[in-house]
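Notes follow once the structure below has been shown.
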Amino acid sequence: MKLNASFLILCSLFVITGELNAQYNFNVIHTSGETNHEIVFASYNYDGTYIVTTGSDSSIIIWNSERRTVYRTLSGLSGRPAAAVLSRNNKYLFSGGRDNKVTVWDLTSMPSKTVKTFDGYKGPVKSLDISPDGRLLVTGTTGGTVKIWDLESSNLVYDLKAQNKNKDINSVVFSPDGKIVAAGGADGNITLWNKENGIMLLSQPGQKNGIQQITISPDGTLLASCGFSNEIAVYQMPDLKNKILLKGHKDWVQTIDFSPGSKNLLSGGRDGYIILWDIVSGNILHRSESQKNIILALDFNPVMPGFISVNYKTPDINSWALSGIDEKQWNKPSETAAVNFTAGNVITDTQQKAVREASKDITQPVIGTSENNPAIEIFSPSLAQGRIVHDKNSIIIVGRANDPAGINAFLINKNVIKLSEGGVFQFNLNLLKGENQVDIIAINNKGIMNETRFIIDCTAENASVSGDEIPEIARSKYFALIIGVSEYQNDEIEDLENPVKDAQSLYDVLLNQYSFEKENIRFLKNPTQKEIFVAFEDLARTLTGNDNLLIFYAGHGSWEDKGKLGYWLPSDANKNSKVNWFSNSNLRDFISSIETKHTILIADACFSGAIFKSRSAFTETASPVIGKLYELPSRKAMTSGVLQEVPDESPFIKYLVKGLKDNSEKYLPSEILFSKFKSVVMNNSSTSNVPQFGVIQNVGDEGGDFIFVKK
């Protein structure tokens, strides 16, 4: 976008205030947050699939932006991170903050781990950005230093100095073409460098009392700055001429961001207001109602009309929808080069690899009959006139969906299925005896739908029959991960007598009385941390959105009040080091990554109440409609207490197992099971612990429940 030069010169002579335009509006459509994670920075990644937040708890959280669930929790930093950015291929995250270094996290491993640090800073890292080609990292720090790193070699390319070497660099950014590095800081100057040779292009005053943030418009024609005044300065690039001022805030302006089409600017300030500006006219298009606190961060959604905001001293991200704005500004980001960080090899997702291998040699696929895109291909099973006879009670469906416009949604029998990068899918379908209709639907990004349908005639002797069965439950599989830790390698951690016994009693009742097959139950007795990680990784690779998972843990637990973190203690845990402990943030990230229909966590450990979004237990209710409860995905937890120590001989486990044994109902929701034995546990407990039942926060619960099904 090119601004008329005469208009800019004219505007530079006075302050633009503008008038509100009634056709524009924005409203909060979703608020998500994480307890004890007071957000200090928030930003979308390049393609809008994730939101990255850093918090006062010195952790970094990566959110799935569409589902608003936690994708990864990165903890262990010694100082609060000030900013974080994802690599262009979303495989690495770079964070910088009060620990005076940049930490590189490998997101391809689970849990995510640090693989590299960039050191040599004399003070906190306050800002960072990645070049458009994904090859360079720029950082701004205290002391007026700007460093540029080569991500492929991990070498320092330039160590640049601003004019005032004693003033902090608060904001750094690459230009959209990657040729210029811009910085602004406490001295109020804006400085530009040539990225190719490190030569300073110019440095000039920007904000009288200091700059908090600078940003360059996506089309590269404008640079805006804000800081310790109520004005926003906008300049023409690359010579920073024709300055105009946008004035509408009543206090310092903390944060700004250009829209994807460079036509609009968002600003948030210490006055608690968010303002949408028209850049060409300088008019205020809309001002929010007071947010009652300082706006710390704003960021436009890169793929749809909306933005996120964060207020001071809150754990919440507000997602806003925009109306009245030119929606043509939102185009899908173009693909950029992906640089593999040399600290370690990037491993392709093994599940997707397995699917590709399964379909490699299969020819003559069945294609949906609709002439519209998207195309649906079935590689396996091999169908004859839309039918197949199958002698097993389940079948794996392998195929591919593709469309030039991109696939927006893909479903098999109403189950949302994740496609690989090449559009390949794999789905394990449980069958009823007789005819099973399979409906496959693909919807592209233009809203065009294609559907294919076929029949599987199941002749398996052990297949369930319809009738009293609820079809969706009958088609599902039940898996369990049961962990009991009684023996500890470290002499300073006391061994326990009952956890493995308790785990065995639960294993027996699930196997003998409920729809858990032996091959689908994994029983870990006195496992190490690595064995627990491997078990969760296996579940993440193999389970589908049609499966159900029960996770059980009995053993020592610990609660760290300072960091507000809870832990399981595996058998190789050390009392004086948390290296081999299993944190509840690891647990939650695994639960979020395992794509089940329902997941229930049952834990008998002293930290267990910390996993909840709400710690209040449900009261006893009448039996709900089972089918409706099963239809809605759930992520629930049932635990022995909040944060107090729990006894070795657990009444919680005793009466949980008894409740399952004594149950006579075909379908038993976990909430009903809990409500029946909760009061009995409290009446027979020697401690003040109160059993808890609730939603596991930020992992995708939609109000359903885990249903125990009797054989």
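Naming scheme: A, B, ... for chains in displayed order of the structure tokens; residues 1 onward per chain; ligands 1 onward as shown.
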Could you pull out the strand (DSSP E) residues of segment 174-360 of chain A, going by DSSP on the backbone, and write them as a ChimeraX atom specification? /A:174,180-185,189-194,200-205,211-216,222-227,231-236,241-247,253-258,264-269,274-278,284-287,295-300,306-311,316-323
List every residue of segment 169-222 of chain A that has an atom at most 12 Å from any atom of segment 79-99 of chain A, and for each one report the closest atom pair and its distance in Å to one decimal, counting only C-alpha atoms, with rows sorted by chain and then by increasing residue number, as JSON lines.
{"residue": "A:Asn170", "atom": "CA", "partner": "A:Ala82", "partner_atom": "CA", "distance": 10.1}
{"residue": "A:Ser171", "atom": "CA", "partner": "A:Ala83", "partner_atom": "CA", "distance": 10.2}
{"residue": "A:Val172", "atom": "CA", "partner": "A:Ala83", "partner_atom": "CA", "distance": 11.2}
{"residue": "A:Val173", "atom": "CA", "partner": "A:Val85", "partner_atom": "CA", "distance": 11.7}
Find the spatial neighbours of segment 455-463 of chain A, counting only C-alpha atoms, within a cut-off of 8 Å - ignore same-chain residues fewer than 3 positions away - and output them as a list of chain:residue names.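 Surrounding residues, per the criterion: A:Gly386, A:Arg387, A:Ile388, A:Val389, A:His390, A:Asp391, A:Lys392, A:Asn393, A:Leu431, A:Leu432, A:Lys433, A:Gly434, A:Glu435, A:Asn436, A:Gln437, A:Val438.
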What gap, in Å, lies between atom CA of Lys678 of chain A and atom CA of Ile473 of chain A?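 So the answer is 26.3 Å.
Using only C-alpha atoms, the residues found no farther than 6 Å from segment 474-479 of chain A, other than those of its own chain fewer than 3 positions away, are A:Asn430, A:Leu431, A:Pro471, A:Phe516, A:Asn520, A:Ile521, A:Asn546, A:Asp547, A:Asn548, A:Leu549.
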Could you take the residues named above and write them with N, CA and C atoms, as a short mmCIF file (atom, residue, chain, number, x, y, z; two decimals), in the first residue's frame?
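The new file part-v4.cif reads:
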data_model
loop_
_atom_site.label_atom_id
_atom_site.label_comp_id
_atom_site.auth_asym_id
_atom_site.auth_seq_id
_atom_site.Cartn_x
_atom_site.Cartn_y
_atom_site.Cartn_z
N ASN A 430 -14.94 -49.44 14.66
CA ASN A 430 -15.53 -50.61 15.31
C ASN A 430 -16.85 -50.93 14.64
N LEU A 431 -17.13 -52.23 14.45
CA LEU A 431 -18.28 -52.67 13.67
C LEU A 431 -19.29 -53.41 14.52
N PRO A 471 -25.32 -47.13 19.62
CA PRO A 471 -24.41 -47.41 18.51
C PRO A 471 -23.05 -46.76 18.64
N PHE A 516 -13.05 -53.30 28.62
CA PHE A 516 -11.62 -53.09 28.40
C PHE A 516 -11.00 -54.43 28.02
N ASN A 520 -5.63 -53.82 25.35
CA ASN A 520 -5.80 -52.36 25.37
C ASN A 520 -5.55 -51.75 26.75
N ILE A 521 -5.07 -52.57 27.70
CA ILE A 521 -4.72 -52.06 29.02
C ILE A 521 -3.21 -52.15 29.20
N ASN A 546 -12.34 -41.80 18.14
CA ASN A 546 -13.47 -42.68 18.45
C ASN A 546 -13.17 -43.54 19.68
N ASP A 547 -12.00 -43.36 20.31
CA ASP A 547 -11.59 -44.19 21.44
C ASP A 547 -11.80 -43.47 22.77
N ASN A 548 -11.75 -44.26 23.85
CA ASN A 548 -11.89 -43.74 25.21
C ASN A 548 -10.68 -44.19 26.03
N LEU A 549 -10.22 -43.31 26.91
CA LEU A 549 -9.00 -43.60 27.66
C LEU A 549 -9.18 -43.32 29.13
#
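Atom CA of Val695 of chain A lies 22.5 Å from atom CA of Tyr50 of chain A.
Omitting Lys208 of chain A and its sequence neighbours fewer than 3 positions away, and counting only C-alpha atoms, the residues within 8 Å are Gly188, Pro205, Phe228 and Ser229 of chain A.
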If you count only C-alpha atoms, the residue of A:Phe41, A:Phe674, A:Phe307, A:Phe174 closest to Phe652 of chain A turns out to be A:Phe674
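Across the model, the gap from atom CA of Pro633 of chain A to atom CA of Gln692 of chain A is 20.0 Å.
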Contacts of Gln529 of chain A within 9 Å, only C-alpha atoms, excl. fewer than 3 positions in-chain, as a ChimeraX atom specification: /A:532-534,569-573,580-582
Keeping only C-alpha atoms, take the residues you just selected and write them out as a PDB file, in the first residue's frame.
ATOM      1  CA  ILE A 532       5.734 -43.197  31.663  1.00  0.00           C
ATOM      2  CA  PHE A 533       6.677 -40.852  28.826  1.00  0.00           C
ATOM      3  CA  VAL A 534       6.944 -43.742  26.354  1.00  0.00           C
ATOM      4  CA  LEU A 569       7.087 -39.248  41.530  1.00  0.00           C
ATOM      5  CA  PRO A 570       8.168 -42.166  39.285  1.00  0.00           C
ATOM      6  CA  SER A 571      10.328 -44.927  40.738  1.00  0.00           C
ATOM      7  CA  ASP A 572      13.566 -43.191  39.657  1.00  0.00           C
ATOM      8  CA  ALA A 573      12.639 -39.856  41.254  1.00  0.00           C
ATOM      9  CA  ASN A 580      12.894 -37.306  36.857  1.00  0.00           C
ATOM     10  CA  TRP A 581       9.602 -36.057  38.285  1.00  0.00           C
ATOM     11  CA  PHE A 582       6.470 -36.071  36.109  1.00  0.00           C
TER      12      PHE A 582
END
Using only C-alpha atoms, which protein or nucleic acid residues come within 7 Å of segment 25-37 of chain A? Drop anything in the same chain fewer than 4 positions from it, and give the result as a list in words. Gly55, Ser56, Asp57, Arg68, His286, Pro315, Asp316, Ile317, Asn318, Ser319, Trp320, Ala321, Leu322, Ser323, Gly324 and Lys564 of chain A
Written selection (N, CA and C atoms) as an mmCIF file, in the first residue's frame:
data_model
loop_
_atom_site.group_PDB
_atom_site.id
_atom_site.type_symbol
_atom_site.label_atom_id
_atom_site.label_comp_id
_atom_site.auth_asym_id
_atom_site.auth_seq_id
_atom_site.Cartn_x
_atom_site.Cartn_y
_atom_site.Cartn_z
ATOM 1 N N GLY A 55 4.355 -15.965 30.846
ATOM 2 C CA GLY A 55 3.678 -15.577 32.075
ATOM 3 C C GLY A 55 4.600 -15.270 33.228
ATOM 4 N N SER A 56 4.003 -14.691 34.255
ATOM 5 C CA SER A 56 4.749 -14.340 35.458
ATOM 6 C C SER A 56 5.225 -15.571 36.218
ATOM 7 N N ASP A 57 4.678 -16.745 35.883
ATOM 8 C CA ASP A 57 5.117 -17.994 36.514
ATOM 9 C C ASP A 57 6.360 -18.564 35.830
ATOM 10 N N ARG A 68 -8.650 -23.435 21.390
ATOM 11 C CA ARG A 68 -8.340 -22.749 22.650
ATOM 12 C C ARG A 68 -7.965 -23.748 23.738
ATOM 13 N N HIS A 286 -13.211 2.564 15.727
ATOM 14 C CA HIS A 286 -13.958 2.045 16.880
ATOM 15 C C HIS A 286 -13.068 2.065 18.115
ATOM 16 N N PRO A 315 -4.756 -13.828 33.946
ATOM 17 C CA PRO A 315 -4.310 -15.033 33.252
ATOM 18 C C PRO A 315 -5.086 -15.286 31.963
ATOM 19 N N ASP A 316 -5.873 -14.307 31.499
ATOM 20 C CA ASP A 316 -6.829 -14.550 30.422
ATOM 21 C C ASP A 316 -6.372 -13.968 29.085
ATOM 22 N N ILE A 317 -6.677 -14.722 28.008
ATOM 23 C CA ILE A 317 -6.566 -14.218 26.640
ATOM 24 C C ILE A 317 -7.987 -13.959 26.149
ATOM 25 N N ASN A 318 -8.254 -12.747 25.695
ATOM 26 C CA ASN A 318 -9.545 -12.430 25.093
ATOM 27 C C ASN A 318 -9.428 -12.508 23.582
ATOM 28 N N SER A 319 -10.321 -13.268 22.966
ATOM 29 C CA SER A 319 -10.383 -13.355 21.508
ATOM 30 C C SER A 319 -11.565 -12.528 21.026
ATOM 31 N N TRP A 320 -11.295 -11.617 20.097
ATOM 32 C CA TRP A 320 -12.296 -10.677 19.614
ATOM 33 C C TRP A 320 -12.631 -10.961 18.154
ATOM 34 N N ALA A 321 -13.894 -10.711 17.791
ATOM 35 C CA ALA A 321 -14.329 -10.755 16.396
ATOM 36 C C ALA A 321 -14.504 -9.326 15.892
ATOM 37 N N LEU A 322 -14.061 -9.069 14.667
ATOM 38 C CA LEU A 322 -14.178 -7.751 14.057
ATOM 39 C C LEU A 322 -15.321 -7.731 13.053
ATOM 40 N N SER A 323 -16.078 -6.659 13.022
ATOM 41 C CA SER A 323 -17.112 -6.494 12.004
ATOM 42 C C SER A 323 -16.993 -5.112 11.390
ATOM 43 N N GLY A 324 -17.386 -5.002 10.110
ATOM 44 C CA GLY A 324 -17.329 -3.738 9.406
ATOM 45 C C GLY A 324 -16.016 -3.488 8.701
ATOM 46 N N LYS A 564 3.449 -23.281 41.782
ATOM 47 C CA LYS A 564 2.090 -23.772 41.564
ATOM 48 C C LYS A 564 2.091 -24.968 40.607
#
Which residue gives the smallest distance to Ser394 of chain A among A:Leu429, A:Ile274, A:Val138, A:Leu285, with only C-alpha atoms counted?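 Going through A:Leu429, A:Ile274, A:Val138, A:Leu285 one by one, the smallest distance to Ser394 of chain A is for A:Leu429.
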